[in-house]
Amino acid sequence: MQLKFTNHFISRLEDIFSQSDYILRYEKGNFKSGYCLLKDQKIVIVNKYYSLEGKINCLVDILRSVALDLSKMDDKNKALYHELTQTEIEL
């Protein structure tokens with residue numbers, strides 16, 4: 001899958017989180033990977049000072065590393081989630 005570094009694409013990624021159990025927040029911080037993932041509390045924190053490309057890369061990395069409950073998602077978000085997690089990402 002080819003990643004698109006646009007505002008529309010990051011909105012689609014944020015929609016996946018909004019329909020899941022995870023809470024997505026943008027905060028300042030010095031995270032080594034650009035994000036912090038609190039799995040027990042289901043909170044995702046992404047460095048708000050990252051560029052658009054950096055934020056998208058972080059969100060995709062997180063989506064590939066956690067298992068989400070698909071029963072709450074609509075069909076468009078399920079399709080995007082499956083595409084992100086099942087295929088190789090091209091930059």
# chains A, B, ... in the order shown; residues from 1 in each chain; ligands from 1
$ select_by_dssp --residues "stretch 6-89 of chain A" --states "alpha helix (DSSP H)" --output "PyMOL selection string"
chain A and resi 7-18+52-65+75-86
$ select_by_dssp --residues "chain A" --states "strand (DSSP E or B)" --output "ChimeraX atom specification"
/A:2,23-27,35-38,43-47,90
$ write_last_selection --atoms "C-alpha atoms" --output "mmCIF file, in the first residue's frame"
data_model
loop_
_atom_site.group_PDB
_atom_site.id
_atom_site.type_symbol
_atom_site.label_atom_id
_atom_site.label_comp_id
_atom_site.auth_asym_id
_atom_site.auth_seq_id
_atom_site.Cartn_x
_atom_site.Cartn_y
_atom_site.Cartn_z
ATOM 1 C CA GLN A 2 1.210 3.485 -0.857
ATOM 2 C CA ILE A 23 -8.083 7.401 22.712
ATOM 3 C CA LEU A 24 -5.826 9.406 20.393
ATOM 4 C CA ARG A 25 -4.173 12.548 21.734
ATOM 5 C CA TYR A 26 -1.588 14.933 20.333
ATOM 6 C CA GLU A 27 0.710 16.219 23.079
ATOM 7 C CA TYR A 35 4.602 8.346 20.132
ATOM 8 C CA CYS A 36 3.686 6.742 23.431
ATOM 9 C CA LEU A 37 1.277 3.826 23.648
ATOM 10 C CA LEU A 38 -0.380 3.017 26.969
ATOM 11 C CA ILE A 43 -4.368 5.731 25.122
ATOM 12 C CA VAL A 44 -2.195 6.739 22.169
ATOM 13 C CA ILE A 45 -0.148 9.926 22.470
ATOM 14 C CA VAL A 46 1.581 11.316 19.378
ATOM 15 C CA ASN A 47 4.071 14.186 19.433
ATOM 16 C CA GLU A 90 5.501 1.625 0.553
#
$ residues_around --residues "A:Ile89" --least-positions-apart "5" --cutoff "9 Å" --atoms "only C-alpha atoms" --output "PyMOL selection string"
chain A and resi 1-3+84
$ atom_distance --atom1 "atom CA of A:Ser11" --atom2 "atom CA of A:Asp61"
15.7 Å
$ atom_distance --atom1 "atom CA of A:Ile56" --atom2 "atom CA of A:Phe5"
6.9 Å
$ atom_distance --atom1 "atom CA of A:Gly34" --atom2 "atom CA of A:Asp75"
29.1 Å
$ residues_around --residues "A:Leu13" --least-positions-apart "6" --cutoff "12 Å" --atoms "only C-alpha atoms" --output "compact mmCIF listing (two decimals) with C-alpha atoms, in the first residue's frame"
# COMPACT_ATOMS: atom_id res chain seq x y z
CA LEU A 3 0.86 5.96 2.02
CA LYS A 4 -0.59 9.36 1.20
CA PHE A 5 0.74 12.21 3.30
CA THR A 6 -2.34 14.44 3.18
CA ASN A 7 -4.69 15.95 5.74
CA GLN A 19 -14.28 4.12 16.31
CA SER A 20 -12.01 1.93 18.42
CA LEU A 24 -5.83 9.41 20.39
CA LYS A 55 2.26 11.80 12.47
CA ILE A 56 0.94 9.55 9.70
CA ASN A 57 3.90 7.20 10.02
CA CYS A 58 3.35 7.01 13.80
CA LEU A 59 -0.36 6.29 13.45
CA VAL A 60 0.28 3.57 10.87
CA ASP A 61 2.94 1.98 13.12
CA ILE A 62 0.50 1.97 16.03
CA LEU A 63 -2.33 0.50 13.96
CA ARG A 64 -0.03 -2.28 12.81
CA LYS A 76 -14.69 2.03 5.07
CA ASN A 77 -12.57 2.05 8.20
CA LYS A 78 -12.49 -1.75 8.36
CA ALA A 79 -11.24 -1.87 4.78
CA LEU A 80 -8.53 0.72 5.44
CA TYR A 81 -7.48 -1.02 8.67
CA GLU A 83 -5.26 -2.79 4.06
CA LEU A 84 -2.83 -1.16 6.49
$ closest_residue --among "A:Asp69, A:Phe17, A:Tyr49, A:Gly54" --to "A:Ser33" --atoms "only C-alpha atoms"
A:Gly54
